[in-house]
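Here is the file input_35.txt (compact mmCIF, N, CA and C atoms).
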```txt
# COMPACT_ATOMS: atom_id res chain seq x y z
N ILE A 1 0.85 -1.18 0.00
CA ILE A 1 0.00 0.00 0.00
C ILE A 1 0.89 1.23 0.00
N SER A 2 0.60 2.16 -0.87
CA SER A 2 1.31 3.43 -0.90
C SER A 2 0.31 4.57 -1.00
N PHE A 3 0.33 5.41 0.04
CA PHE A 3 -0.47 6.63 0.05
C PHE A 3 0.46 7.82 0.24
N THR A 4 1.59 7.78 -0.43
CA THR A 4 2.59 8.82 -0.33
C THR A 4 2.10 10.12 -0.95
N ASP A 5 2.38 11.23 -0.25
CA ASP A 5 2.12 12.57 -0.76
C ASP A 5 0.64 12.79 -1.11
N ASN A 6 -0.23 12.53 -0.14
CA ASN A 6 -1.66 12.69 -0.35
C ASN A 6 -2.33 13.63 0.64
N LEU A 7 -1.55 14.35 1.45
CA LEU A 7 -2.08 15.28 2.45
C LEU A 7 -2.99 14.58 3.46
N LEU A 8 -2.71 13.29 3.73
CA LEU A 8 -3.48 12.56 4.74
C LEU A 8 -3.19 13.14 6.11
N GLU A 9 -4.23 13.23 6.94
CA GLU A 9 -4.10 13.79 8.29
C GLU A 9 -4.49 12.76 9.33
N GLY A 10 -4.10 13.03 10.56
CA GLY A 10 -4.48 12.17 11.67
C GLY A 10 -3.52 11.01 11.87
N SER A 11 -3.99 10.03 12.59
CA SER A 11 -3.14 8.87 12.89
C SER A 11 -3.34 7.78 11.85
N ILE A 12 -2.53 6.75 11.94
CA ILE A 12 -2.66 5.62 11.03
C ILE A 12 -3.95 4.89 11.39
N PRO A 13 -4.84 4.69 10.45
CA PRO A 13 -6.14 4.07 10.76
C PRO A 13 -5.99 2.69 11.39
N PRO A 14 -6.71 2.42 12.47
CA PRO A 14 -6.60 1.13 13.14
C PRO A 14 -7.02 -0.04 12.25
N GLU A 15 -7.79 0.22 11.21
CA GLU A 15 -8.20 -0.84 10.29
C GLU A 15 -7.00 -1.45 9.55
N TYR A 16 -5.90 -0.70 9.45
CA TYR A 16 -4.70 -1.21 8.79
C TYR A 16 -4.11 -2.41 9.54
N ALA A 17 -4.45 -2.55 10.81
CA ALA A 17 -3.96 -3.68 11.61
C ALA A 17 -4.47 -5.01 11.05
N LYS A 18 -5.59 -4.98 10.35
CA LYS A 18 -6.17 -6.20 9.79
C LYS A 18 -5.47 -6.67 8.51
N LEU A 19 -4.60 -5.85 7.96
CA LEU A 19 -3.89 -6.19 6.72
C LEU A 19 -2.66 -7.02 7.06
N VAL A 20 -2.88 -8.21 7.57
CA VAL A 20 -1.81 -9.01 8.17
C VAL A 20 -0.74 -9.47 7.18
N ASN A 21 -1.03 -9.52 5.90
CA ASN A 21 -0.06 -9.97 4.91
C ASN A 21 0.67 -8.82 4.22
N LEU A 22 0.55 -7.65 4.75
CA LEU A 22 1.16 -6.46 4.16
C LEU A 22 2.68 -6.57 4.18
N ASP A 23 3.31 -6.31 3.02
CA ASP A 23 4.77 -6.31 2.99
C ASP A 23 5.35 -4.93 2.70
N THR A 24 4.51 -4.00 2.27
CA THR A 24 4.95 -2.63 2.01
C THR A 24 3.88 -1.66 2.49
N LEU A 25 4.30 -0.68 3.27
CA LEU A 25 3.40 0.38 3.70
C LEU A 25 4.16 1.69 3.58
N SER A 26 3.65 2.58 2.74
CA SER A 26 4.27 3.87 2.54
C SER A 26 3.24 4.97 2.75
N LEU A 27 3.46 5.74 3.80
CA LEU A 27 2.59 6.86 4.14
C LEU A 27 3.40 8.15 4.23
N SER A 28 4.52 8.20 3.55
CA SER A 28 5.41 9.36 3.65
C SER A 28 4.83 10.60 2.98
N PHE A 29 5.38 11.73 3.38
CA PHE A 29 5.00 13.04 2.83
C PHE A 29 3.50 13.30 2.95
N ASN A 30 3.00 13.13 4.16
CA ASN A 30 1.62 13.46 4.48
C ASN A 30 1.61 14.38 5.70
N LEU A 31 0.47 14.55 6.30
CA LEU A 31 0.32 15.39 7.48
C LEU A 31 -0.09 14.56 8.69
N MET A 32 0.32 13.31 8.72
CA MET A 32 -0.09 12.40 9.78
C MET A 32 0.65 12.74 11.06
N ASP A 33 -0.01 12.49 12.21
CA ASP A 33 0.60 12.85 13.48
C ASP A 33 0.20 11.88 14.58
N GLY A 34 0.66 12.18 15.78
CA GLY A 34 0.39 11.33 16.92
C GLY A 34 1.42 10.22 17.05
N PRO A 35 1.27 9.40 18.07
CA PRO A 35 2.21 8.30 18.26
C PRO A 35 2.08 7.26 17.15
N LEU A 36 3.18 6.60 16.85
CA LEU A 36 3.12 5.52 15.87
C LEU A 36 2.29 4.38 16.45
N ALA A 37 1.36 3.90 15.67
CA ALA A 37 0.54 2.77 16.11
C ALA A 37 1.44 1.55 16.25
N SER A 38 1.33 0.84 17.36
CA SER A 38 2.20 -0.30 17.60
C SER A 38 2.05 -1.38 16.54
N PHE A 39 0.87 -1.49 15.95
CA PHE A 39 0.67 -2.57 14.96
C PHE A 39 1.51 -2.40 13.71
N VAL A 40 2.01 -1.20 13.41
CA VAL A 40 2.85 -1.05 12.21
C VAL A 40 4.18 -1.77 12.36
N PHE A 41 4.51 -2.17 13.58
CA PHE A 41 5.73 -2.93 13.82
C PHE A 41 5.43 -4.41 14.06
N GLU A 42 4.23 -4.86 13.67
CA GLU A 42 3.84 -6.24 13.93
C GLU A 42 3.44 -7.01 12.68
N TYR A 43 3.66 -6.47 11.51
CA TYR A 43 3.37 -7.18 10.27
C TYR A 43 4.50 -8.18 10.01
N GLU A 44 4.19 -9.45 10.06
CA GLU A 44 5.22 -10.48 9.92
C GLU A 44 5.90 -10.48 8.55
N ASP A 45 5.19 -10.03 7.52
CA ASP A 45 5.74 -10.05 6.17
C ASP A 45 6.32 -8.71 5.72
N MET A 46 6.30 -7.71 6.59
CA MET A 46 6.73 -6.36 6.22
C MET A 46 8.20 -6.34 5.80
N VAL A 47 8.45 -5.76 4.63
CA VAL A 47 9.80 -5.60 4.11
C VAL A 47 10.16 -4.12 4.03
N HIS A 48 9.19 -3.28 3.64
CA HIS A 48 9.44 -1.85 3.40
C HIS A 48 8.40 -1.04 4.17
N LEU A 49 8.85 -0.27 5.16
CA LEU A 49 7.96 0.57 5.96
C LEU A 49 8.45 2.01 5.87
N ASP A 50 7.65 2.87 5.26
CA ASP A 50 8.03 4.27 5.04
C ASP A 50 6.98 5.19 5.65
N LEU A 51 7.36 5.79 6.78
CA LEU A 51 6.48 6.74 7.48
C LEU A 51 7.15 8.10 7.59
N ALA A 52 8.10 8.36 6.71
CA ALA A 52 8.90 9.58 6.75
C ALA A 52 8.10 10.83 6.40
N HIS A 53 8.63 11.96 6.83
CA HIS A 53 8.10 13.28 6.48
C HIS A 53 6.63 13.43 6.88
N ASN A 54 6.37 13.16 8.15
CA ASN A 54 5.07 13.38 8.76
C ASN A 54 5.31 14.11 10.08
N PHE A 55 4.43 13.95 11.03
CA PHE A 55 4.56 14.60 12.33
C PHE A 55 4.35 13.59 13.45
N PHE A 56 4.77 12.34 13.24
CA PHE A 56 4.60 11.30 14.24
C PHE A 56 5.44 11.62 15.47
N THR A 57 4.92 11.25 16.64
CA THR A 57 5.58 11.51 17.91
C THR A 57 5.76 10.20 18.67
N GLY A 58 6.43 10.28 19.79
CA GLY A 58 6.61 9.11 20.64
C GLY A 58 7.97 8.49 20.45
N THR A 59 8.08 7.23 20.89
CA THR A 59 9.35 6.52 20.86
C THR A 59 9.21 5.26 20.01
N LEU A 60 10.35 4.63 19.75
CA LEU A 60 10.37 3.40 18.96
C LEU A 60 10.31 2.19 19.88
N PRO A 61 9.60 1.14 19.48
CA PRO A 61 9.51 -0.05 20.32
C PRO A 61 10.84 -0.80 20.36
N ASP A 62 11.17 -1.34 21.51
CA ASP A 62 12.44 -2.02 21.68
C ASP A 62 12.47 -3.39 21.01
N GLY A 63 11.34 -4.05 20.81
CA GLY A 63 11.32 -5.40 20.27
C GLY A 63 11.04 -5.50 18.80
N LEU A 64 11.36 -4.49 18.03
CA LEU A 64 11.03 -4.45 16.60
C LEU A 64 11.50 -5.69 15.85
N HIS A 65 12.69 -6.16 16.11
CA HIS A 65 13.24 -7.28 15.35
C HIS A 65 12.48 -8.58 15.60
N LEU A 66 11.77 -8.68 16.68
CA LEU A 66 11.05 -9.91 17.00
C LEU A 66 9.74 -10.03 16.23
N THR A 67 9.15 -8.92 15.84
CA THR A 67 7.84 -8.95 15.23
C THR A 67 7.85 -8.77 13.72
N GLU A 68 8.92 -8.27 13.16
CA GLU A 68 9.02 -8.10 11.71
C GLU A 68 10.35 -8.65 11.22
N PRO A 69 10.46 -9.96 11.13
CA PRO A 69 11.75 -10.57 10.79
C PRO A 69 12.24 -10.28 9.38
N ASN A 70 11.35 -9.85 8.48
CA ASN A 70 11.73 -9.60 7.09
C ASN A 70 11.99 -8.13 6.79
N LEU A 71 11.83 -7.27 7.78
CA LEU A 71 11.97 -5.83 7.55
C LEU A 71 13.38 -5.49 7.11
N GLN A 72 13.50 -4.83 5.97
CA GLN A 72 14.79 -4.41 5.43
C GLN A 72 14.92 -2.90 5.35
N ASP A 73 13.81 -2.22 5.05
CA ASP A 73 13.82 -0.76 4.85
C ASP A 73 12.90 -0.12 5.87
N LEU A 74 13.44 0.79 6.66
CA LEU A 74 12.64 1.55 7.60
C LEU A 74 12.98 3.02 7.43
N PHE A 75 11.98 3.79 7.00
CA PHE A 75 12.16 5.23 6.79
C PHE A 75 11.26 5.98 7.77
N LEU A 76 11.89 6.60 8.74
CA LEU A 76 11.18 7.38 9.75
C LEU A 76 11.69 8.81 9.82
N GLU A 77 12.50 9.22 8.85
CA GLU A 77 13.12 10.53 8.93
C GLU A 77 12.10 11.66 8.87
N ASN A 78 12.50 12.77 9.49
CA ASN A 78 11.72 14.00 9.49
C ASN A 78 10.33 13.82 10.08
N ASN A 79 10.30 13.33 11.30
CA ASN A 79 9.11 13.28 12.14
C ASN A 79 9.46 13.98 13.44
N ASP A 80 8.68 13.75 14.48
CA ASP A 80 8.96 14.32 15.80
C ASP A 80 9.18 13.22 16.82
N LEU A 81 9.85 12.15 16.40
CA LEU A 81 10.11 11.02 17.29
C LEU A 81 11.22 11.37 18.27
N GLN A 82 11.19 10.72 19.43
CA GLN A 82 12.18 11.01 20.46
C GLN A 82 12.56 9.73 21.17
N GLY A 83 13.31 9.85 22.23
CA GLY A 83 13.79 8.69 22.97
C GLY A 83 15.11 8.24 22.39
N THR A 84 15.38 6.95 22.51
CA THR A 84 16.63 6.41 22.01
C THR A 84 16.36 5.44 20.87
N ILE A 85 17.38 5.18 20.12
CA ILE A 85 17.30 4.17 19.06
C ILE A 85 17.49 2.83 19.77
N PRO A 86 16.53 1.94 19.68
CA PRO A 86 16.61 0.68 20.43
C PRO A 86 17.86 -0.13 20.08
N ASP A 87 18.46 -0.73 21.10
CA ASP A 87 19.62 -1.60 20.89
C ASP A 87 19.28 -2.77 19.97
N THR A 88 18.02 -3.18 19.96
CA THR A 88 17.62 -4.31 19.12
C THR A 88 17.73 -4.00 17.64
N PHE A 89 17.87 -2.73 17.27
CA PHE A 89 18.07 -2.39 15.86
C PHE A 89 19.35 -3.01 15.33
N ALA A 90 20.28 -3.31 16.22
CA ALA A 90 21.54 -3.94 15.80
C ALA A 90 21.32 -5.38 15.35
N ASN A 91 20.18 -5.97 15.68
CA ASN A 91 19.90 -7.37 15.33
C ASN A 91 19.13 -7.52 14.03
N VAL A 92 18.79 -6.42 13.38
CA VAL A 92 18.01 -6.45 12.15
C VAL A 92 18.96 -6.38 10.96
N ASP A 93 18.70 -7.17 9.94
CA ASP A 93 19.53 -7.16 8.74
C ASP A 93 19.02 -6.06 7.80
N TRP A 94 19.32 -4.82 8.16
CA TRP A 94 18.84 -3.66 7.42
C TRP A 94 19.46 -3.58 6.04
N LYS A 95 18.67 -3.06 5.13
CA LYS A 95 19.19 -2.64 3.83
C LYS A 95 19.29 -1.11 3.84
N ARG A 96 18.20 -0.47 4.30
CA ARG A 96 18.16 1.00 4.41
C ARG A 96 17.45 1.38 5.71
N LEU A 97 18.10 2.22 6.50
CA LEU A 97 17.55 2.68 7.77
C LEU A 97 17.73 4.19 7.84
N HIS A 98 16.61 4.93 7.83
CA HIS A 98 16.64 6.40 7.86
C HIS A 98 15.92 6.87 9.12
N LEU A 99 16.67 7.46 10.03
CA LEU A 99 16.11 7.95 11.28
C LEU A 99 16.38 9.44 11.50
N ASN A 100 17.08 10.07 10.56
CA ASN A 100 17.49 11.46 10.72
C ASN A 100 16.29 12.41 10.77
N GLY A 101 16.52 13.61 11.31
CA GLY A 101 15.47 14.62 11.36
C GLY A 101 14.45 14.37 12.45
N ASN A 102 14.83 13.66 13.50
CA ASN A 102 13.98 13.43 14.66
C ASN A 102 14.69 13.98 15.89
N ASN A 103 14.19 13.67 17.06
CA ASN A 103 14.77 14.17 18.30
C ASN A 103 15.34 13.04 19.15
N PHE A 104 16.01 12.08 18.52
CA PHE A 104 16.57 10.96 19.25
C PHE A 104 17.73 11.43 20.12
N GLY A 105 17.85 10.81 21.27
CA GLY A 105 18.97 11.07 22.17
C GLY A 105 19.75 9.79 22.37
N GLY A 106 20.77 9.88 23.16
CA GLY A 106 21.58 8.70 23.44
C GLY A 106 22.54 8.40 22.31
N THR A 107 22.95 7.16 22.24
CA THR A 107 23.93 6.76 21.24
C THR A 107 23.29 5.83 20.21
N ILE A 108 23.94 5.74 19.09
CA ILE A 108 23.52 4.79 18.05
C ILE A 108 24.05 3.43 18.48
N PRO A 109 23.20 2.40 18.46
CA PRO A 109 23.69 1.07 18.83
C PRO A 109 24.94 0.72 18.03
N ARG A 110 25.97 0.28 18.74
CA ARG A 110 27.28 0.05 18.14
C ARG A 110 27.29 -1.00 17.04
N LYS A 111 26.39 -1.92 17.08
CA LYS A 111 26.45 -3.03 16.13
C LYS A 111 25.53 -2.86 14.92
N ILE A 112 24.99 -1.65 14.70
CA ILE A 112 24.19 -1.44 13.48
C ILE A 112 25.18 -1.42 12.32
N ASN A 113 25.37 -2.55 11.78
CA ASN A 113 26.27 -2.71 10.65
C ASN A 113 25.91 -4.02 9.95
N ALA A 114 24.66 -4.11 9.56
CA ALA A 114 24.15 -5.32 8.92
C ALA A 114 24.92 -5.62 7.63
N PRO A 115 25.07 -6.89 7.29
CA PRO A 115 25.84 -7.24 6.09
C PRO A 115 25.29 -6.63 4.80
N HIS A 116 24.00 -6.35 4.76
CA HIS A 116 23.38 -5.82 3.54
C HIS A 116 23.09 -4.31 3.63
N LEU A 117 23.59 -3.66 4.68
CA LEU A 117 23.30 -2.25 4.90
C LEU A 117 23.88 -1.38 3.78
N GLU A 118 22.99 -0.64 3.11
CA GLU A 118 23.39 0.26 2.04
C GLU A 118 23.30 1.72 2.46
N GLU A 119 22.31 2.04 3.32
CA GLU A 119 22.10 3.42 3.75
C GLU A 119 21.77 3.46 5.22
N LEU A 120 22.45 4.34 5.94
CA LEU A 120 22.16 4.62 7.34
C LEU A 120 22.19 6.12 7.51
N LYS A 121 21.03 6.69 7.79
CA LYS A 121 20.92 8.15 7.96
C LYS A 121 20.27 8.44 9.28
```
Starting from the file, lay out its structure as structure tokens.
Amino acid sequence: ISFTDNLLEGSIPPEYAKLVNLDTLSLSFNLMDGPLASFVFEYEDMVHLDLAHNFFTGTLPDGLHLTEPNLQDLFLENNDLQGTIPDTFANVDWKRLHLNGNNFGGTIPRKINAPHLEELK
């Protein structure tokens, strides 16, 4: 599903939780806000998750690698996220990971260096 650049507002609709076989979700370049819905990190088949360039708030879940074993691309740049980058991010075989333009504190997990990593921002 891609609803990129559509001026969508509000939070991610809870009905999206029912799309259990989703492997791509792109909601970038919209006006969405509020905390990230926890279910977006629970799609077992998710490969590409793009929520960049919105106004999402809150923190990232620490157990991301346990619920989305196929996730390769995570784009969260240019939101209003805060907290720390979870240490469990070091356990994911990332291809592209974009976290820039948020309010993260702390350190970047030392082992984020997946064998297939092409982009880290």
>> Set the distance at 5 Å and use only N, CA and C atoms: which residues neighbour segment 57-60 of chain A once local chain neighbours fewer than 5 positions away are removed? I'd like the list as a PyMOL selection string.
In response: chain A and resi 34-36+80-82
As a compact mmCIF listing (two decimals) with N, CA and C atoms, in the frame of the given file, please: the residues near Glu118 of chain A (cut-off 8 Å, only N, CA and C atoms, same-chain neighbours under 2 positions excluded).
```txt
# COMPACT_ATOMS: atom_id res chain seq x y z
N TRP A 94 19.32 -4.82 8.16
CA TRP A 94 18.84 -3.66 7.42
C TRP A 94 19.46 -3.58 6.04
N LYS A 95 18.67 -3.06 5.13
CA LYS A 95 19.19 -2.64 3.83
C LYS A 95 19.29 -1.11 3.84
N ARG A 96 18.20 -0.47 4.30
CA ARG A 96 18.16 1.00 4.41
C ARG A 96 17.45 1.38 5.71
N LEU A 97 18.10 2.22 6.50
CA LEU A 97 17.55 2.68 7.77
C LEU A 97 17.73 4.19 7.84
N ALA A 114 24.66 -4.11 9.56
CA ALA A 114 24.15 -5.32 8.92
C ALA A 114 24.92 -5.62 7.63
N PRO A 115 25.07 -6.89 7.29
CA PRO A 115 25.84 -7.24 6.09
C PRO A 115 25.29 -6.63 4.80
N HIS A 116 24.00 -6.35 4.76
CA HIS A 116 23.38 -5.82 3.54
C HIS A 116 23.09 -4.31 3.63
N LEU A 120 22.45 4.34 5.94
CA LEU A 120 22.16 4.62 7.34
C LEU A 120 22.19 6.12 7.51
N LYS A 121 21.03 6.69 7.79
CA LYS A 121 20.92 8.15 7.96
C LYS A 121 20.27 8.44 9.28
```
DSSP on the backbone: which residues in segment 16-69 of chain A end up as alpha helix (DSSP H)? Give the answer as a short mmCIF file (atom, residue, chain, number, x, y, z; two decimals) with N, CA and C atoms, in the frame of the given file.
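Full text of out-v5.cif as output:
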```
data_model
loop_
_atom_site.label_atom_id
_atom_site.label_comp_id
_atom_site.auth_asym_id
_atom_site.auth_seq_id
_atom_site.Cartn_x
_atom_site.Cartn_y
_atom_site.Cartn_z
N LEU A 64 11.36 -4.49 18.03
CA LEU A 64 11.03 -4.45 16.60
C LEU A 64 11.50 -5.69 15.85
N HIS A 65 12.69 -6.16 16.11
CA HIS A 65 13.24 -7.28 15.35
C HIS A 65 12.48 -8.58 15.60
N LEU A 66 11.77 -8.68 16.68
CA LEU A 66 11.05 -9.91 17.00
C LEU A 66 9.74 -10.03 16.23
N THR A 67 9.15 -8.92 15.84
CA THR A 67 7.84 -8.95 15.23
C THR A 67 7.85 -8.77 13.72
#
```
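Candidate residues A:Pro109, A:Leu117, A:Ile85, A:Ser38 were compared for distance to Ser11 of chain A, and the nearest is A:Ser38, using only C-alpha atoms.
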> as a ChimeraX atom specification, which residues of chain A does DSSP assign to strand (DSSP E or B)?
Replying inline: /A:2,9-10,24-26,31-35,48-50,55-58,73-75,80-84,96-98,103-105,119-120
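Minimum distance to Leu71 of chain A across A:Leu31, A:Leu8, A:Leu22, A:Ile1 (counting only C-alpha atoms) occurs at A:Leu22.
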> Do you know which residues lie at most 8 Å from (13.6, 12.4, 11.4), with coordinates as in the file and only N, CA and C atoms counted, and could you write them as a list in words?
Replying inline: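 Residues found, by chain and rising number: Ala52, His53, Asn54, Phe75, Leu76, Glu77, Asn78, Asn79, Asp80, Leu81, His98, Leu99, Asn100, Gly101, Asn102, Asn103 and Phe104 of chain A.
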Go ahead and write the residues just picked, N, CA and C atoms, as a PDB file, keeping the file's coordinate frame.
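Saved as part.pdb:
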```pdb
ATOM      1  N   ALA A  52       8.100   8.360   6.710  1.00  0.00           N
ATOM      2  CA  ALA A  52       8.900   9.580   6.750  1.00  0.00           C
ATOM      3  C   ALA A  52       8.100  10.830   6.400  1.00  0.00           C
ATOM      4  N   HIS A  53       8.630  11.960   6.830  1.00  0.00           N
ATOM      5  CA  HIS A  53       8.100  13.280   6.480  1.00  0.00           C
ATOM      6  C   HIS A  53       6.630  13.430   6.880  1.00  0.00           C
ATOM      7  N   ASN A  54       6.370  13.160   8.150  1.00  0.00           N
ATOM      8  CA  ASN A  54       5.070  13.380   8.760  1.00  0.00           C
ATOM      9  C   ASN A  54       5.310  14.110  10.080  1.00  0.00           C
ATOM     10  N   PHE A  75      11.980   3.790   7.000  1.00  0.00           N
ATOM     11  CA  PHE A  75      12.160   5.230   6.790  1.00  0.00           C
ATOM     12  C   PHE A  75      11.260   5.980   7.770  1.00  0.00           C
ATOM     13  N   LEU A  76      11.890   6.600   8.740  1.00  0.00           N
ATOM     14  CA  LEU A  76      11.180   7.380   9.750  1.00  0.00           C
ATOM     15  C   LEU A  76      11.690   8.810   9.820  1.00  0.00           C
ATOM     16  N   GLU A  77      12.500   9.220   8.850  1.00  0.00           N
ATOM     17  CA  GLU A  77      13.120  10.530   8.930  1.00  0.00           C
ATOM     18  C   GLU A  77      12.100  11.660   8.870  1.00  0.00           C
ATOM     19  N   ASN A  78      12.500  12.770   9.490  1.00  0.00           N
ATOM     20  CA  ASN A  78      11.720  14.000   9.490  1.00  0.00           C
ATOM     21  C   ASN A  78      10.330  13.820  10.080  1.00  0.00           C
ATOM     22  N   ASN A  79      10.300  13.330  11.300  1.00  0.00           N
ATOM     23  CA  ASN A  79       9.110  13.280  12.140  1.00  0.00           C
ATOM     24  C   ASN A  79       9.460  13.980  13.440  1.00  0.00           C
ATOM     25  N   ASP A  80       8.680  13.750  14.480  1.00  0.00           N
ATOM     26  CA  ASP A  80       8.960  14.320  15.800  1.00  0.00           C
ATOM     27  C   ASP A  80       9.180  13.220  16.820  1.00  0.00           C
ATOM     28  N   LEU A  81       9.850  12.150  16.400  1.00  0.00           N
ATOM     29  CA  LEU A  81      10.110  11.020  17.290  1.00  0.00           C
ATOM     30  C   LEU A  81      11.220  11.370  18.270  1.00  0.00           C
ATOM     31  N   HIS A  98      16.610   4.930   7.830  1.00  0.00           N
ATOM     32  CA  HIS A  98      16.640   6.400   7.860  1.00  0.00           C
ATOM     33  C   HIS A  98      15.920   6.870   9.120  1.00  0.00           C
ATOM     34  N   LEU A  99      16.670   7.460  10.030  1.00  0.00           N
ATOM     35  CA  LEU A  99      16.110   7.950  11.280  1.00  0.00           C
ATOM     36  C   LEU A  99      16.380   9.440  11.500  1.00  0.00           C
ATOM     37  N   ASN A 100      17.080  10.070  10.560  1.00  0.00           N
ATOM     38  CA  ASN A 100      17.490  11.460  10.720  1.00  0.00           C
ATOM     39  C   ASN A 100      16.290  12.410  10.770  1.00  0.00           C
ATOM     40  N   GLY A 101      16.520  13.610  11.310  1.00  0.00           N
ATOM     41  CA  GLY A 101      15.470  14.620  11.360  1.00  0.00           C
ATOM     42  C   GLY A 101      14.450  14.370  12.450  1.00  0.00           C
ATOM     43  N   ASN A 102      14.830  13.660  13.500  1.00  0.00           N
ATOM     44  CA  ASN A 102      13.980  13.430  14.660  1.00  0.00           C
ATOM     45  C   ASN A 102      14.690  13.980  15.890  1.00  0.00           C
ATOM     46  N   ASN A 103      14.190  13.670  17.060  1.00  0.00           N
ATOM     47  CA  ASN A 103      14.770  14.170  18.300  1.00  0.00           C
ATOM     48  C   ASN A 103      15.340  13.040  19.150  1.00  0.00           C
ATOM     49  N   PHE A 104      16.010  12.080  18.520  1.00  0.00           N
ATOM     50  CA  PHE A 104      16.570  10.960  19.250  1.00  0.00           C
ATOM     51  C   PHE A 104      17.730  11.430  20.120  1.00  0.00           C
TER      52      PHE A 104
END
```
> Using all atoms listed in the file, which of A:Leu27, A:Met32, A:Leu64, A:Ala17 sits nearest Leu49 of chain A?
Replying inline: A:Leu27
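In this structure, atom CA of Ala37 of chain A sits 21.1 Å away from atom CA of Gly105 of chain A.
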> Taking into account all atoms listed in the file, which residue in the set A:Thr24, A:Ala90, A:Asp62, A:Phe29 is nearest to Met46 of chain A?
Replying inline: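 Of A:Thr24, A:Ala90, A:Asp62, A:Phe29, the one nearest Met46 of chain A, counting all atoms listed in the file, is A:Thr24.
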